[in-house]
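See below for input-v2.cif, which holds mmCIF, C-alpha atoms.
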data_final
loop_
_atom_site.label_atom_id
_atom_site.label_comp_id
_atom_site.auth_asym_id
_atom_site.auth_seq_id
_atom_site.Cartn_x
_atom_site.Cartn_y
_atom_site.Cartn_z
CA MET N 1 80.79 225.35 142.17
CA ARG N 2 81.76 227.87 139.49
CA TRP N 3 84.09 230.10 141.47
CA ARG N 4 85.29 230.90 144.95
CA VAL N 5 86.79 234.14 146.31
CA PRO N 6 88.41 234.42 149.74
CA LEU N 7 87.06 237.28 151.85
CA GLY N 8 88.10 238.92 155.11
CA GLU N 9 86.12 239.21 158.33
CA GLY N 10 82.46 240.08 158.68
CA TYR N 11 78.92 238.83 158.42
CA ALA N 12 77.69 241.02 155.56
CA GLY N 13 76.04 239.01 152.81
CA PRO N 14 76.51 239.80 149.12
CA ALA N 15 74.32 242.08 147.00
CA VAL N 16 73.77 241.31 143.31
CA ALA N 17 72.81 243.65 140.48
CA GLY N 18 73.05 242.60 136.85
CA SER N 19 76.42 240.94 136.31
CA ARG N 20 77.98 242.26 139.54
CA VAL N 21 78.26 240.80 143.00
CA VAL N 22 79.11 243.39 145.66
CA VAL N 23 80.66 242.21 148.92
CA PHE N 24 81.63 244.10 152.06
CA HIS N 25 84.28 242.71 154.40
CA ARG N 26 87.23 243.63 156.59
CA VAL N 27 90.86 243.26 155.52
CA ALA N 28 93.48 244.23 158.15
CA ASP N 29 92.58 247.73 159.45
CA GLY N 30 90.05 248.54 156.73
CA GLU N 31 86.60 247.69 155.51
CA ARG N 32 86.45 246.88 151.80
CA VAL N 33 83.56 247.25 149.37
CA GLU N 34 84.36 245.10 146.37
CA ALA N 35 82.63 244.23 143.09
CA LEU N 36 83.07 240.83 141.50
CA ASP N 37 81.99 239.54 138.11
CA LEU N 38 78.98 237.26 138.59
CA ALA N 39 80.09 234.76 135.94
CA SER N 40 83.77 234.42 136.86
CA GLY N 41 84.31 235.87 140.36
CA LYS N 42 87.00 238.17 138.93
CA ARG N 43 87.51 241.38 140.96
CA LEU N 44 86.23 244.40 139.03
CA TRP N 45 87.10 247.06 141.63
CA LYS N 46 87.61 247.65 145.33
CA ALA N 47 87.21 250.61 147.68
CA ASP N 48 88.92 250.54 151.06
CA PHE N 49 87.95 252.53 154.17
CA ALA N 50 89.89 252.77 157.41
CA THR N 51 88.02 251.55 160.47
CA ASN N 52 88.59 251.64 164.19
CA TYR N 53 86.03 248.97 165.13
CA ARG N 54 87.48 246.52 167.65
CA GLY N 55 84.48 244.45 168.60
CA GLY N 56 82.99 243.51 171.90
CA ILE N 57 81.56 240.12 172.74
CA ASP N 58 82.14 238.74 169.22
CA PRO N 59 85.81 238.63 168.13
CA ASP N 60 84.88 239.20 164.47
CA HIS N 61 85.74 242.79 163.49
CA GLY N 62 84.12 242.91 160.08
CA PRO N 63 80.97 244.63 158.86
CA ARG N 64 77.55 243.16 159.60
CA CYS N 65 75.42 244.96 157.00
CA VAL N 66 74.77 243.82 153.45
CA PRO N 67 75.80 246.52 150.96
CA VAL N 68 72.83 248.20 149.28
CA ILE N 69 72.83 248.75 145.52
CA ALA N 70 70.71 251.76 144.57
CA GLY N 71 70.85 252.63 140.88
CA ASP N 72 74.46 253.52 140.12
CA ALA N 73 75.49 253.70 143.79
CA VAL N 74 76.53 251.22 146.47
CA VAL N 75 75.86 252.14 150.09
CA ALA N 76 77.75 250.34 152.86
CA TYR N 77 77.34 250.75 156.62
CA GLY N 78 80.35 249.53 158.58
CA ALA N 79 80.63 247.92 162.01
CA ALA N 80 81.82 251.22 163.58
CA GLY N 81 78.81 253.03 162.09
CA ASP N 82 80.62 254.59 159.14
CA LEU N 83 78.35 255.18 156.14
CA HIS N 84 80.05 254.93 152.73
CA CYS N 85 78.83 255.49 149.18
CA VAL N 86 80.73 254.37 146.07
CA ALA N 87 79.94 254.21 142.36
CA LEU N 88 78.69 250.80 141.20
CA GLN N 89 80.53 251.15 137.89
CA ASP N 90 84.08 251.64 139.16
CA GLY N 91 84.07 251.85 142.97
CA SER N 92 85.04 255.51 143.06
CA VAL N 93 84.25 257.00 146.46
CA ARG N 94 81.35 259.42 146.49
CA GLY N 95 81.32 260.06 150.22
CA SER N 96 81.88 258.70 153.68
CA ARG N 97 80.66 259.76 157.16
CA ALA N 98 81.14 258.50 160.68
CA VAL N 99 77.41 258.78 161.42
CA LEU N 100 77.39 256.65 164.57
CA ALA N 101 80.07 258.82 166.17
CA GLU N 102 78.57 262.09 164.87
CA LEU N 103 75.08 261.27 166.17
CA GLN N 104 76.33 259.78 169.44
CA GLY N 105 75.13 256.26 168.76
CA ASP N 106 76.16 253.11 170.59
CA GLU N 107 77.90 250.19 168.84
CA GLY N 108 75.98 247.80 171.07
CA TYR N 109 77.39 244.34 171.69
CA PHE N 110 78.27 243.50 168.10
CA GLY N 111 78.83 246.78 166.22
CA ALA N 112 76.45 248.59 163.89
CA GLY N 113 74.37 245.98 162.14
CA SER N 114 71.15 247.40 160.71
CA THR N 115 71.46 247.45 156.92
CA PRO N 116 70.33 250.85 155.55
CA LEU N 117 67.23 251.24 153.40
CA VAL N 118 67.43 253.40 150.27
CA VAL N 119 64.17 255.06 149.26
CA ASN N 120 64.34 257.33 146.23
CA ASP N 121 67.27 259.65 147.01
CA LEU N 122 67.41 258.98 150.76
CA VAL N 123 69.47 256.52 152.82
CA LEU N 124 67.53 255.60 155.97
CA VAL N 125 69.51 254.24 158.92
CA ASN N 126 68.64 253.03 162.41
CA VAL N 127 71.65 254.85 163.89
CA GLY N 128 70.57 254.65 167.51
CA GLY N 129 71.89 258.15 168.08
CA ARG N 130 71.04 260.42 170.97
CA ASN N 131 69.34 263.81 171.00
CA GLY N 132 66.67 262.89 168.48
CA ALA N 133 68.84 260.81 166.13
CA GLY N 134 67.59 257.27 166.68
CA LEU N 135 66.55 257.13 163.03
CA ALA N 136 68.14 259.30 160.37
CA ALA N 137 67.95 259.94 156.63
CA PHE N 138 70.91 261.02 154.53
CA ALA N 139 70.95 262.34 150.97
CA LEU N 140 72.23 259.58 148.67
CA ALA N 141 74.03 262.08 146.44
CA THR N 142 75.79 264.12 149.15
CA GLY N 143 75.58 262.19 152.44
CA LYS N 144 74.13 265.25 154.18
CA THR N 145 71.60 264.70 156.95
CA VAL N 146 68.06 265.29 155.65
CA TRP N 147 66.20 264.42 158.85
CA GLN N 148 66.59 262.66 162.16
CA THR N 149 64.01 261.62 164.70
CA GLY N 150 63.46 259.81 167.98
CA ASP N 151 65.77 258.25 170.52
CA GLU N 152 65.36 254.67 169.34
CA ASP N 153 68.28 252.38 170.11
CA ALA N 154 69.67 250.56 167.10
CA SER N 155 69.00 246.89 166.44
CA TYR N 156 70.41 244.36 164.00
CA ALA N 157 67.24 244.22 161.92
CA ALA N 158 67.16 245.81 158.49
CA PRO N 159 64.29 248.23 157.88
CA THR N 160 61.82 247.52 155.10
CA LEU N 161 59.47 249.52 152.90
CA ALA N 162 55.74 248.89 153.19
CA THR N 163 52.71 250.48 151.58
CA ARG N 164 49.76 251.80 153.50
CA GLY N 165 47.06 252.92 151.12
CA GLN N 166 48.93 255.01 148.56
CA ARG N 167 51.78 255.92 150.94
CA SER N 168 55.18 254.31 151.34
CA ILE N 169 56.18 253.72 154.95
CA ALA N 170 59.63 252.71 156.21
CA VAL N 171 59.31 250.15 159.00
CA PHE N 172 62.14 249.81 161.53
CA VAL N 173 62.37 247.17 164.23
CA THR N 174 64.59 248.99 166.71
CA ARG N 175 66.03 247.48 169.88
CA TYR N 176 62.74 247.85 171.81
CA HIS N 177 60.05 249.03 169.37
CA CYS N 178 58.58 248.79 165.91
CA VAL N 179 58.55 252.25 164.34
CA ALA N 180 57.00 253.38 161.03
CA VAL N 181 58.04 256.66 159.40
CA GLU N 182 57.41 258.41 156.14
CA PRO N 183 60.72 258.18 154.25
CA SER N 184 60.62 261.80 153.09
#

Rewritten as structure tokens:
Amino acid sequence: MRWRVPLGEGYAGPAVAGSRVVVFHRVADGERVEALDLASGKRLWKADFATNYRGGIDPDHGPRCVPVIAGDAVVAYGAAGDLHCVALQDGSVRGSRAVLAELQGDEGYFGAGSTPLVVNDLVLVNVGGRNGAGLAAFALATGKTVWQTGDEDASYAAPTLATRGQRSIAVFVTRYHCVAVEPS
């Protein structure tokens, strides 16, 4: 073992890009996105976000989704359905939205747990919102809603990108269905 770093609550795995390891976990009343040096484990930066997630069946209150590294950005989706974006270089906050609350989604039994998918400049999320917001896309740069569709309940499965012919298709396994959408 080369290094060890204690973390707070949660089930989110690490994401690695270059010489950085990005972790997402809960410390006290906040969710923390944190970058560590791959070689030493030394903390490079941290970004904290308040959360009101209290859990249901599972007593763990931490995030479930692996942070997503997309170019110079890190996207994190918290257990209460808060979507955050920070700079990979220094952790400066670029934006944050309570998308689950805004789109009337349900935390389910274990909190929001479907890791977002970043395709080009869009962040795709299985929000599980009502009124046509089961799936939604947000602009990576601004966090603004680009599109939303369907009434699909959220699951704990991360969407993936597939190719059909020359087209990219985002595939979501929602609570009850498998849904394919064009990312744009």

With the file shown as input, list the residues that the PyMOL selection byres ((chain N and resi 93) around 12) selects, as an mmCIF file with C-alpha atoms, keeping the file's coordinate frame.
data_model
loop_
_atom_site.group_PDB
_atom_site.id
_atom_site.type_symbol
_atom_site.label_atom_id
_atom_site.label_comp_id
_atom_site.auth_asym_id
_atom_site.auth_seq_id
_atom_site.Cartn_x
_atom_site.Cartn_y
_atom_site.Cartn_z
ATOM 1 C CA ARG N 32 86.450 246.880 151.800
ATOM 2 C CA VAL N 33 83.560 247.250 149.370
ATOM 3 C CA GLU N 34 84.360 245.100 146.370
ATOM 4 C CA TRP N 45 87.100 247.060 141.630
ATOM 5 C CA LYS N 46 87.610 247.650 145.330
ATOM 6 C CA ALA N 47 87.210 250.610 147.680
ATOM 7 C CA ASP N 48 88.920 250.540 151.060
ATOM 8 C CA PHE N 49 87.950 252.530 154.170
ATOM 9 C CA ALA N 73 75.490 253.700 143.790
ATOM 10 C CA VAL N 74 76.530 251.220 146.470
ATOM 11 C CA VAL N 75 75.860 252.140 150.090
ATOM 12 C CA ALA N 76 77.750 250.340 152.860
ATOM 13 C CA LEU N 83 78.350 255.180 156.140
ATOM 14 C CA HIS N 84 80.050 254.930 152.730
ATOM 15 C CA CYS N 85 78.830 255.490 149.180
ATOM 16 C CA VAL N 86 80.730 254.370 146.070
ATOM 17 C CA ALA N 87 79.940 254.210 142.360
ATOM 18 C CA LEU N 88 78.690 250.800 141.200
ATOM 19 C CA GLN N 89 80.530 251.150 137.890
ATOM 20 C CA ASP N 90 84.080 251.640 139.160
ATOM 21 C CA GLY N 91 84.070 251.850 142.970
ATOM 22 C CA SER N 92 85.040 255.510 143.060
ATOM 23 C CA ARG N 94 81.350 259.420 146.490
ATOM 24 C CA GLY N 95 81.320 260.060 150.220
ATOM 25 C CA SER N 96 81.880 258.700 153.680
ATOM 26 C CA ARG N 97 80.660 259.760 157.160
ATOM 27 C CA ALA N 141 74.030 262.080 146.440
ATOM 28 C CA THR N 142 75.790 264.120 149.150
ATOM 29 C CA GLY N 143 75.580 262.190 152.440
#

Please check which residues have atoms at most 12 Å from (72.0, 265.4, 153.9) in the file's coordinates, counting all atoms listed in the file, and write them as a PyMOL selection string.
-> chain N and resi 95-97+99+121-124+136-148+184

By how many Å are atom CA of N:Val181 and atom CA of N:Asp82 apart?
->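 Straight-line distance from atom CA of N:Val181 to atom CA of N:Asp82 works out to 22.7 Å.
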
Show me a table, sorted first by chain and then by increasing residue number, of the residues of stretch 22-117 of chain N having an atom at most 10 Å from stretch 154-157 of chain N, each with its shortest atom pair and the distance in Å to one decimal, counting only C-alpha atoms and written as CSV.
residue,atom,partner,partner_atom,distance
N:Arg64,CA,N:Tyr156,CA,8.5
N:Cys65,CA,N:Tyr156,CA,8.6
N:Gly105,CA,N:Ala154,CA,8.1
N:Asp106,CA,N:Ala154,CA,7.8
N:Glu107,CA,N:Ala154,CA,8.4
N:Gly108,CA,N:Ala154,CA,7.9
N:Phe110,CA,N:Tyr156,CA,8.9
N:Gly111,CA,N:Tyr156,CA,9.0
N:Ala112,CA,N:Tyr156,CA,7.4
N:Gly113,CA,N:Tyr156,CA,4.7
N:Ser114,CA,N:Tyr156,CA,4.5
N:Thr115,CA,N:Ala157,CA,7.3
N:Pro116,CA,N:Ala157,CA,9.7

Just-selected residues, C-alpha atoms written as an mmCIF file, keeping the file's coordinate frame:
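Here's the written file out29.cif:
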data_model
loop_
_atom_site.group_PDB
_atom_site.id
_atom_site.type_symbol
_atom_site.label_atom_id
_atom_site.label_comp_id
_atom_site.auth_asym_id
_atom_site.auth_seq_id
_atom_site.Cartn_x
_atom_site.Cartn_y
_atom_site.Cartn_z
ATOM 1 C CA ARG N 64 77.550 243.160 159.600
ATOM 2 C CA CYS N 65 75.420 244.960 157.000
ATOM 3 C CA GLY N 105 75.130 256.260 168.760
ATOM 4 C CA ASP N 106 76.160 253.110 170.590
ATOM 5 C CA GLU N 107 77.900 250.190 168.840
ATOM 6 C CA GLY N 108 75.980 247.800 171.070
ATOM 7 C CA PHE N 110 78.270 243.500 168.100
ATOM 8 C CA GLY N 111 78.830 246.780 166.220
ATOM 9 C CA ALA N 112 76.450 248.590 163.890
ATOM 10 C CA GLY N 113 74.370 245.980 162.140
ATOM 11 C CA SER N 114 71.150 247.400 160.710
ATOM 12 C CA THR N 115 71.460 247.450 156.920
ATOM 13 C CA PRO N 116 70.330 250.850 155.550
#

Closest of N:Gln104, N:Asn126, N:Ser40, N:Asn120 to N:Val179, counting only C-alpha atoms, is N:Asn126

Can you work out the spacing between atom CA of N:His177 and atom CA of N:Gly10 in Å, to one decimal?
->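 About the pair atom CA of N:His177 and atom CA of N:Gly10: they are 26.4 Å apart.
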
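If only C-alpha atoms are the atoms counted, then among N:Val16, N:Gly81, N:Leu36, N:Tyr11 the closest residue to N:Gly62 is N:Tyr11.
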
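Computed from the coordinates, the atom CA of N:Ala12 to atom CA of N:Ala35 distance equals 13.8 Å.
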
How would you write, as a PyMOL selection string, the residues chosen by the PyMOL selection byres ((chain N and resi 25-28) around 6) on this structure?
-> chain N and resi 8-10+24+29-32+62-63

Which residue gives the smallest distance to N:Pro59 among N:Gly129, N:Gly41, N:Tyr109, N:Leu100, with all atoms listed in the file counted?
->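 Among the listed residues, N:Tyr109 lies closest to N:Pro59.
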
Across N:Ala80, N:Val21, N:Ala133, N:Val66, the smallest distance to N:Leu117, with only C-alpha atoms counted, is shown by N:Val66

Out of N:Val173, N:Ala98, N:Val22, N:Val68, which residue has the shortest atom-to-atom distance to N:Ala50 when counting only C-alpha atoms?
-> N:Ala98

Kindly resolve the PyMOL selection byres ((chain N and resi 159) around 6) on the present coordinates and return the residues as a short mmCIF file (atom, residue, chain, number, x, y, z; two decimals) with C-alpha atoms, keeping the file's coordinate frame.
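Writing the result to result.cif gives the following:
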data_model
loop_
_atom_site.label_atom_id
_atom_site.label_comp_id
_atom_site.auth_asym_id
_atom_site.auth_seq_id
_atom_site.Cartn_x
_atom_site.Cartn_y
_atom_site.Cartn_z
CA ALA N 158 67.16 245.81 158.49
CA THR N 160 61.82 247.52 155.10
CA VAL N 171 59.31 250.15 159.00
CA PHE N 172 62.14 249.81 161.53
#

Using 8 Å of padding on each side, determine the axis-aligned box around all atoms of stretch 84-88 of chain N present in the file and give its centre and edge lengths in Å to one decimal, as AutoDock Vina command-line options.
--center_x 79.7 --center_y 253.1 --center_z 147.0 --size_x 18.0 --size_y 20.7 --size_z 27.5
